[in-house]
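Asker: Structure file input-v6.cif (mmCIF, C-alpha atoms) is given on the next line.
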data_model
loop_
_atom_site.group_PDB
_atom_site.id
_atom_site.type_symbol
_atom_site.label_atom_id
_atom_site.label_comp_id
_atom_site.auth_asym_id
_atom_site.auth_seq_id
_atom_site.Cartn_x
_atom_site.Cartn_y
_atom_site.Cartn_z
ATOM 1 C CA ASN X 281 -8.680 -5.361 -2.127
ATOM 2 C CA TRP X 282 -7.097 -8.104 -0.028
ATOM 3 C CA MET X 283 -9.106 -7.610 3.156
ATOM 4 C CA ASN X 284 -12.462 -8.108 4.827
ATOM 5 C CA TYR X 285 -13.869 -10.405 2.146
ATOM 6 C CA ARG X 286 -16.586 -11.768 4.401
ATOM 7 C CA LEU X 287 -17.132 -8.535 6.360
ATOM 8 C CA ARG X 288 -18.102 -6.752 3.138
ATOM 9 C CA MET X 289 -20.825 -9.366 2.639
ATOM 10 C CA GLU X 290 -22.168 -9.079 6.196
ATOM 11 C CA ILE X 291 -21.982 -5.331 6.728
ATOM 12 C CA ASP X 292 -25.734 -4.802 6.176
ATOM 13 C CA GLY X 293 -26.524 -7.035 9.152
ATOM 14 C CA GLY X 294 -28.478 -9.469 6.998
ATOM 15 C CA GLY X 295 -26.213 -12.478 7.405
ATOM 16 C CA PHE X 296 -23.440 -13.808 5.171
ATOM 17 C CA PHE X 297 -24.400 -13.032 1.560
ATOM 18 C CA ILE X 298 -22.664 -15.429 -0.857
ATOM 19 C CA PRO X 299 -22.835 -14.191 -4.456
ATOM 20 C CA ASP X 300 -23.072 -16.613 -7.382
ATOM 21 C CA ILE X 301 -19.677 -15.339 -8.566
ATOM 22 C CA PHE X 302 -17.093 -13.533 -6.434
ATOM 23 C CA LEU X 303 -14.382 -11.872 -8.536
ATOM 24 C CA VAL X 304 -10.995 -11.217 -6.905
ATOM 25 C CA MET X 305 -7.714 -9.717 -8.099
ATOM 26 C CA ASP X 306 -5.162 -12.492 -7.538
ATOM 27 C CA ASP X 307 -4.481 -15.975 -6.146
ATOM 28 C CA TYR X 308 -3.767 -14.640 -2.648
ATOM 29 C CA ALA X 309 -7.172 -12.956 -2.561
ATOM 30 C CA LYS X 310 -8.838 -16.187 -3.687
ATOM 31 C CA ALA X 311 -7.127 -18.224 -0.957
ATOM 32 C CA GLU X 312 -8.094 -15.683 1.701
ATOM 33 C CA ALA X 313 -11.698 -15.472 0.459
ATOM 34 C CA VAL X 314 -12.012 -19.269 0.639
ATOM 35 C CA LYS X 315 -10.610 -19.155 4.202
ATOM 36 C CA ASP X 316 -13.331 -16.608 5.005
ATOM 37 C CA GLY X 317 -16.032 -19.081 3.946
ATOM 38 C CA PHE X 318 -16.682 -18.453 0.246
ATOM 39 C CA PRO X 319 -17.124 -21.687 -1.769
ATOM 40 C CA GLU X 320 -13.992 -22.148 -3.874
ATOM 41 C CA GLY X 321 -15.948 -22.746 -7.061
ATOM 42 C CA LYS X 322 -17.608 -19.335 -6.792
ATOM 43 C CA VAL X 323 -14.326 -17.391 -6.437
ATOM 44 C CA ILE X 324 -12.713 -16.412 -9.754
ATOM 45 C CA VAL X 325 -9.371 -14.626 -10.198
ATOM 46 C CA THR X 326 -9.651 -11.860 -12.804
ATOM 47 C CA GLY X 327 -7.006 -9.261 -11.973
ATOM 48 C CA GLN X 328 -7.868 -5.691 -10.917
ATOM 49 C CA PRO X 329 -9.225 -3.462 -13.720
ATOM 50 C CA ALA X 330 -8.344 -0.315 -11.756
ATOM 51 C CA LEU X 331 -4.688 -1.199 -12.433
ATOM 52 C CA ALA X 332 -5.132 -1.913 -16.138
ATOM 53 C CA SER X 333 -3.721 1.439 -17.306
ATOM 54 C CA LEU X 334 -0.852 1.591 -14.798
ATOM 55 C CA ALA X 335 1.945 0.445 -17.133
ATOM 56 C CA GLU X 336 0.807 2.732 -19.942
ATOM 57 C CA GLU X 337 0.519 5.752 -17.612
ATOM 58 C CA PHE X 338 3.941 5.082 -16.162
ATOM 59 C CA GLY X 339 5.421 4.835 -19.644
ATOM 60 C CA LYS X 340 4.159 8.357 -20.388
ATOM 61 C CA SER X 341 5.308 9.821 -17.063
ATOM 62 C CA LYS X 342 9.043 10.224 -17.601
ATOM 63 C CA LYS X 343 8.848 13.962 -16.863
ATOM 64 C CA VAL X 344 7.043 13.547 -13.528
ATOM 65 C CA HIS X 345 9.320 14.612 -10.661
ATOM 66 C CA ILE X 346 8.766 15.413 -7.009
ATOM 67 C CA ALA X 347 10.083 18.926 -6.420
ATOM 68 C CA GLY X 348 13.165 19.286 -4.249
ATOM 69 C CA LYS X 349 16.946 19.171 -4.184
ATOM 70 C CA GLU X 350 18.873 16.470 -6.003
ATOM 71 C CA LYS X 351 18.527 13.729 -3.417
ATOM 72 C CA LYS X 352 16.917 10.295 -3.492
ATOM 73 C CA LYS X 353 13.239 10.992 -2.877
ATOM 74 C CA ILE X 354 11.450 8.645 -0.493
ATOM 75 C CA LEU X 355 7.655 8.638 -0.710
ATOM 76 C CA PHE X 356 5.565 7.734 2.322
ATOM 77 C CA ILE X 357 2.140 6.551 1.168
ATOM 78 C CA SER X 358 -0.154 7.355 4.045
ATOM 79 C CA GLU X 359 -3.493 5.804 5.017
ATOM 80 C CA PRO X 360 -6.157 6.914 7.543
ATOM 81 C CA VAL X 361 -5.359 3.950 9.823
ATOM 82 C CA GLU X 362 -6.033 5.811 13.067
ATOM 83 C CA ILE X 363 -9.413 7.030 11.799
ATOM 84 C CA ASP X 364 -10.477 3.590 10.565
ATOM 85 C CA GLN X 365 -8.968 1.179 13.107
ATOM 86 C CA GLY X 366 -8.115 3.430 16.068
ATOM 87 C CA LYS X 367 -4.879 3.858 17.966
ATOM 88 C CA SER X 368 -5.343 1.065 20.514
ATOM 89 C CA GLU X 369 -7.253 -2.191 20.967
ATOM 90 C CA ARG X 370 -9.219 -0.578 23.782
ATOM 91 C CA GLU X 371 -10.371 2.127 21.388
ATOM 92 C CA ASN X 372 -11.137 -0.227 18.481
ATOM 93 C CA PRO X 373 -11.171 -4.055 18.462
ATOM 94 C CA ASN X 374 -9.931 -3.921 14.851
ATOM 95 C CA PHE X 375 -6.774 -2.022 15.838
ATOM 96 C CA ARG X 376 -3.995 -2.942 13.393
ATOM 97 C CA GLY X 377 -1.166 -2.784 15.945
ATOM 98 C CA TYR X 378 0.099 0.518 14.552
ATOM 99 C CA THR X 379 -1.111 3.786 13.051
ATOM 100 C CA GLU X 380 0.185 5.872 10.162
ATOM 101 C CA LYS X 381 1.934 8.087 12.715
ATOM 102 C CA THR X 382 3.701 5.095 14.298
ATOM 103 C CA VAL X 383 5.034 4.076 10.906
ATOM 104 C CA LEU X 384 5.977 7.578 9.798
ATOM 105 C CA ARG X 385 7.943 8.098 13.006
ATOM 106 C CA LEU X 386 9.804 4.824 12.439
ATOM 107 C CA LEU X 387 10.661 5.930 8.911
ATOM 108 C CA ILE X 388 11.858 9.386 9.964
ATOM 109 C CA ARG X 389 14.413 8.105 12.510
ATOM 110 C CA PRO X 390 16.829 6.352 10.133
ATOM 111 C CA LEU X 391 16.260 8.903 7.370
ATOM 112 C CA GLU X 392 17.503 11.700 9.618
ATOM 113 C CA LYS X 393 20.874 9.920 9.770
ATOM 114 C CA TYR X 394 21.063 10.077 5.974
ATOM 115 C CA SER X 395 19.472 13.499 5.452
ATOM 116 C CA SER X 396 22.265 14.496 3.057
ATOM 117 C CA GLU X 397 21.225 11.659 0.720
ATOM 118 C CA PHE X 398 17.439 11.398 1.105
ATOM 119 C CA SER X 399 14.375 13.600 1.341
ATOM 120 C CA LEU X 400 11.007 12.326 2.599
ATOM 121 C CA HIS X 401 7.682 13.211 0.982
ATOM 122 C CA ILE X 402 4.207 12.280 2.240
ATOM 123 C CA ALA X 403 1.380 11.357 -0.125
ATOM 124 C CA PRO X 404 -1.796 11.839 1.955
ATOM 125 C CA HIS X 405 -4.831 9.628 1.509
ATOM 126 C CA PRO X 406 -7.869 11.556 0.159
ATOM 127 C CA ARG X 407 -9.674 11.067 3.496
ATOM 128 C CA GLU X 408 -6.796 12.384 5.602
ATOM 129 C CA ASP X 409 -6.537 15.906 6.993
ATOM 130 C CA LYS X 410 -3.415 17.425 5.438
ATOM 131 C CA LYS X 411 -3.090 19.901 8.292
ATOM 132 C CA VAL X 412 -2.783 17.066 10.823
ATOM 133 C CA LEU X 413 -0.041 15.465 8.723
ATOM 134 C CA LYS X 414 1.771 18.782 8.323
ATOM 135 C CA ASP X 415 1.656 19.411 12.074
ATOM 136 C CA PHE X 416 3.052 15.923 12.697
ATOM 137 C CA TRP X 417 5.826 16.558 10.176
ATOM 138 C CA ASN X 418 6.757 19.887 11.761
ATOM 139 C CA ARG X 419 6.980 18.289 15.220
ATOM 140 C CA ASN X 420 8.891 15.172 14.199
ATOM 141 C CA ALA X 421 10.964 15.771 11.068
ATOM 142 C CA SER X 422 12.917 18.964 11.636
ATOM 143 C CA GLY X 423 16.119 17.377 10.314
ATOM 144 C CA LEU X 424 14.673 16.298 6.957
ATOM 145 C CA GLU X 425 13.816 17.962 3.688
ATOM 146 C CA GLY X 426 10.398 17.231 2.239
ATOM 147 C CA GLY X 427 6.933 17.270 3.747
ATOM 148 C CA VAL X 428 3.341 16.752 2.634
ATOM 149 C CA ILE X 429 2.979 16.754 -1.159
ATOM 150 C CA GLU X 430 0.698 19.387 -2.668
ATOM 151 C CA ASN X 431 -0.936 19.482 -6.101
ATOM 152 C CA MET X 432 0.103 15.991 -7.142
ATOM 153 C CA LYS X 433 -1.991 12.842 -7.286
ATOM 154 C CA GLY X 434 -0.803 9.774 -5.396
ATOM 155 C CA ARG X 435 -0.051 7.775 -8.544
ATOM 156 C CA GLU X 436 1.974 10.677 -9.974
ATOM 157 C CA ALA X 437 3.962 10.867 -6.726
ATOM 158 C CA VAL X 438 4.733 7.159 -7.038
ATOM 159 C CA PHE X 439 5.978 7.721 -10.600
ATOM 160 C CA GLY X 440 8.297 10.505 -9.404
ATOM 161 C CA CYS X 441 9.847 8.857 -6.339
ATOM 162 C CA ASP X 442 13.022 6.794 -5.940
ATOM 163 C CA GLY X 443 11.588 4.543 -3.227
ATOM 164 C CA ALA X 444 8.102 3.994 -1.788
ATOM 165 C CA ALA X 445 7.242 3.174 1.814
ATOM 166 C CA GLY X 446 3.786 2.496 3.207
ATOM 167 C CA MET X 447 1.598 0.033 5.025
ATOM 168 C CA ALA X 448 -1.051 -1.975 3.152
ATOM 169 C CA SER X 449 -2.407 0.317 0.449
ATOM 170 C CA ILE X 450 -3.117 -0.382 -3.209
ATOM 171 C CA LEU X 451 -0.894 2.604 -4.058
ATOM 172 C CA LEU X 452 2.096 0.895 -2.415
ATOM 173 C CA TYR X 453 1.315 -2.185 -4.509
ATOM 174 C CA GLU X 454 1.302 0.052 -7.598
ATOM 175 C CA ALA X 455 4.808 1.262 -6.704
ATOM 176 C CA TYR X 456 5.923 -2.362 -6.462
ATOM 177 C CA LEU X 457 4.322 -3.245 -9.798
ATOM 178 C CA ILE X 458 6.192 -0.529 -11.711
ATOM 179 C CA GLY X 459 9.549 -1.510 -10.216
ATOM 180 C CA LYS X 460 10.047 1.061 -7.469
ATOM 181 C CA PRO X 461 12.013 -0.163 -4.417
ATOM 182 C CA ALA X 462 9.117 -0.637 -1.974
ATOM 183 C CA ILE X 463 8.649 -1.521 1.695
ATOM 184 C CA SER X 464 5.521 -2.398 3.688
ATOM 185 C CA ILE X 465 6.012 -1.271 7.305
ATOM 186 C CA GLN X 466 3.413 -2.729 9.698
ATOM 187 C CA PRO X 467 4.914 -3.037 13.207
ATOM 188 C CA GLU X 468 3.079 -5.310 15.663
ATOM 189 C CA LEU X 469 0.690 -6.367 12.884
ATOM 190 C CA ARG X 470 -2.442 -8.106 14.241
ATOM 191 C CA ASN X 471 -4.475 -8.948 11.130
ATOM 192 C CA SER X 472 -2.722 -11.453 8.857
ATOM 193 C CA GLN X 473 -4.813 -10.338 5.867
ATOM 194 C CA ASN X 474 -2.763 -7.123 5.861
ATOM 195 C CA SER X 475 0.406 -9.113 5.218
ATOM 196 C CA TYR X 476 -0.432 -9.802 1.563
ATOM 197 C CA MET X 477 2.829 -8.134 0.397
ATOM 198 C CA LYS X 478 5.009 -10.341 2.583
ATOM 199 C CA ASP X 479 5.700 -12.964 -0.077
ATOM 200 C CA LYS X 480 5.946 -10.616 -3.051
ATOM 201 C CA SER X 481 9.365 -11.145 -4.649
ATOM 202 C CA GLY X 482 11.475 -8.015 -4.191
ATOM 203 C CA MET X 483 9.092 -6.366 -1.729
ATOM 204 C CA TYR X 484 10.541 -5.483 1.692
ATOM 205 C CA PHE X 485 8.138 -6.284 4.525
ATOM 206 C CA THR X 486 8.161 -5.968 8.305
ATOM 207 C CA GLY X 487 5.287 -6.932 10.601
ATOM 208 C CA GLY X 488 7.079 -7.671 13.893
ATOM 209 C CA SER X 489 8.492 -5.406 16.583
ATOM 210 C CA GLU X 490 9.379 -1.743 16.097
ATOM 211 C CA GLU X 491 13.026 -2.696 16.565
ATOM 212 C CA GLU X 492 12.733 -5.196 13.712
ATOM 213 C CA ALA X 493 11.031 -2.534 11.599
ATOM 214 C CA GLY X 494 13.906 -0.108 12.174
ATOM 215 C CA MET X 495 16.451 -2.680 10.993
ATOM 216 C CA LYS X 496 14.394 -3.592 7.926
ATOM 217 C CA ILE X 497 13.959 0.090 6.988
ATOM 218 C CA THR X 498 17.728 0.630 7.227
ATOM 219 C CA GLU X 499 18.292 -2.432 5.021
ATOM 220 C CA TRP X 500 15.766 -1.132 2.495
ATOM 221 C CA LEU X 501 17.341 2.342 2.422
ATOM 222 C CA ALA X 502 20.694 0.752 1.599
ATOM 223 C CA PHE X 503 18.969 -0.947 -1.334
ATOM 224 C CA VAL X 504 17.354 2.329 -2.492
ATOM 225 C CA ARG X 505 20.734 4.052 -2.292
ATOM 226 C CA LYS X 506 22.344 1.685 -4.792
ATOM 227 C CA SER X 507 19.389 0.802 -7.005
ATOM 228 C CA GLY X 508 17.554 2.609 -9.740
ATOM 229 C CA GLN X 509 14.241 2.114 -11.480
ATOM 230 C CA GLY X 510 13.425 -1.586 -11.698
ATOM 231 C CA ALA X 511 11.602 -3.477 -14.425
ATOM 232 C CA LEU X 512 7.826 -3.672 -14.650
ATOM 233 C CA ASN X 513 6.416 -6.598 -12.693
ATOM 234 C CA PRO X 514 4.887 -9.465 -14.715
ATOM 235 C CA GLU X 515 1.778 -9.255 -12.486
ATOM 236 C CA LEU X 516 0.794 -6.166 -14.467
ATOM 237 C CA GLU X 517 -0.164 -8.388 -17.395
ATOM 238 C CA ARG X 518 -2.963 -10.021 -15.450
ATOM 239 C CA HIS X 519 -4.369 -6.649 -14.376
ATOM 240 C CA ALA X 520 -4.151 -5.271 -17.926
ATOM 241 C CA LYS X 521 -6.534 -8.025 -19.102
ATOM 242 C CA ALA X 522 -8.899 -7.799 -16.107
ATOM 243 C CA ALA X 523 -11.716 -5.759 -17.676
ATOM 244 C CA LYS X 524 -11.834 -8.049 -20.725
ATOM 245 C CA ILE X 525 -11.950 -11.147 -18.491
ATOM 246 C CA ILE X 526 -14.753 -9.691 -16.338
ATOM 247 C CA ALA X 527 -16.741 -8.613 -19.404
ATOM 248 C CA GLY X 528 -16.358 -12.148 -20.769
ATOM 249 C CA ILE X 529 -17.732 -13.664 -17.560
ATOM 250 C CA ILE X 530 -20.727 -11.312 -17.606
ATOM 251 C CA GLY X 531 -21.347 -11.991 -21.287
ATOM 252 C CA LYS X 532 -21.353 -15.742 -20.704
ATOM 253 C CA ILE X 533 -23.954 -15.339 -17.938
ATOM 254 C CA LEU X 534 -26.157 -13.154 -20.168
ATOM 255 C CA ARG X 535 -26.004 -15.707 -22.981
ATOM 256 C CA SER X 536 -26.828 -18.680 -20.769
#
Starting from the file, give its structure as structure tokens.
Answerer:
Amino acid sequence: NWMNYRLRMEIDGGGFFIPDIFLVMDDYAKAEAVKDGFPEGKVIVTGQPALASLAEEFGKSKKVHIAGKEKKKILFISEPVEIDQGKSERENPNFRGYTEKTVLRLLIRPLEKYSSEFSLHIAPHPREDKKVLKDFWNRNASGLEGGVIENMKGREAVFGCDGAAGMASILLYEAYLIGKPAISIQPELRNSQNSYMKDKSGMYFTGGSEEEAGMKITEWLAFVRKSGQGALNPELERHAKAAKIIAGIIGKILRS
């Protein structure tokens, strides 16, 4: 992932553990890890092996569709932000500046204006309570078709959508990699490490005020309206080779 590089190596309370080799998924992760105190020579970019099969799976998924009327289907990729980082700084010093509910509410507002063109579907994180999300949907999205997705894995939902919205999840990055129109919505963002998608070419990003987020979402929806499936991102190549690269590094150590 692109976050908490040092925290993961201090979480046992035993001080800052610096491994002999620290493998990361891309150049951004390497730069951030070095900022966090890892010696540059120990940080190696390998790609992310968990994404190695993404292009192949997507190529076989042409029949995957999110159920619903013939409208552009927007997927909201949820995360348990409120559970993990709280809903205020007073509650949790690691508060992101928003929660999944903040973002979902911001997404619902403009979509209601275009309810004849779009439906909104929520892909819950495995650690989220679906009932809580359904209750939130019922209270806040009466003018929209869609709701919480059932019986479909997150990656399958990404394959079947016309546009993907989220915050800072790997699944949102997957949507971007396979050419889906994607937006990272993080209003009042406090931790710069969460802004890793900001400079991704073709990715919509908003980390400022809620007003700014609303304008960026409207701009993105206009793009989704006129665009179709995009091309696969060249970054996928690096991830496809990740396992081989990592195995090569391990093999070299074993032979030395």
Asker: Enumerate, as a ChimeraX atom specification, the residues matched when the PyMOL selection byres ((chain X and resi 361) around 12) is run on the file above.
Answerer: /X:357-360,362-368,372,374-384,404-405,407-408,446-449,466
Asker: First collect every listed atom of segment 486-491 of chain X; then fit an axis-aligned box around them, widen it by 3 Å on each side, and give centre and edge lengths in Å to one decimal, as AutoDock Vina command-line options.
Answerer:
--center_x 9.2 --center_y -4.7 --center_z 12.4 --size_x 13.7 --size_y 11.9 --size_z 14.3
Asker: Using all atoms listed in the file, which residue out of X:Ile354, X:Arg385, X:Thr326, X:Lys506 lies closest to Leu413 of chain X?
Answerer: X:Arg385
Asker: Give me, as number ranges by chain, all polymer residues having an atom no more than 10 Å from Arg435 of chain X, counting all atoms listed in the file and skipping those fewer than 4 positions away in the same chain.
Answerer: X: 334, 337-338, 403, 439-440, 451-452, 454-455
Asker: Could you state which residues are captured by the PyMOL selection byres ((chain X and resi 490) around 9) in this file, as JSON, numbers by chain?
Answerer: {"X": [383, 386, 466, 467, 468, 486, 487, 488, 489, 491, 492, 493, 494, 495]}
Asker: Just to confirm, what's the straight-line distance from atom CA of Val314 of chain X to atom CA of Lys480 of chain X in Å (one decimal)?
Answerer: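 Atom CA of Lys480 of chain X lies at a distance of 20.3 Å from atom CA of Val314 of chain X.
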Asker: Considering only C-alpha atoms, state which residue in the set X:Asp306, X:Ile298, X:Gln328, X:Glu430 is at the smallest distance from Lys524 of chain X.
Answerer: X:Gln328
Asker: Tell me which of X:Val428, X:Ile458, X:Ala520, X:Ala330 sits closest to Asp415 of chain X, counting all atoms listed in the file.
Answerer: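 Smallest distance to Asp415 of chain X is found for X:Val428.
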Asker: Any chance you could work out the residue set of the PyMOL selection byres ((chain X and resi 286) around 10) here, as a list of chain:residue names?
Answerer: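 Answer for the PyMOL selection byres ((chain X and resi 286) around 10): X:Met283, X:Asn284, X:Tyr285, X:Leu287, X:Arg288, X:Met289, X:Glu290, X:Ile291, X:Phe296, X:Phe297, X:Ile298, X:Glu312, X:Ala313, X:Val314, X:Lys315, X:Asp316, X:Gly317, X:Phe318.
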Asker: Applying 12 Å and all atoms listed in the file, which residues near Ile525 of chain X remain after dropping the ones on its own chain fewer than 3 positions away? List them as a list in words.
Answerer: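 Result of the neighbour search: Leu303, Val304, Met305, Ile324, Val325, Thr326, Gly327, Gln328, Pro329, Ala332, Arg518, His519, Ala520, Lys521, Ala522, Gly528, Ile529, Ile530, Gly531 and Lys532 of chain X.
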Asker: Looking at X:Asp307, X:Glu371, X:Glu515, X:Asp442, which one is nearest to Ser481 of chain X, with distances taken over all atoms listed in the file?
Answerer: X:Glu515
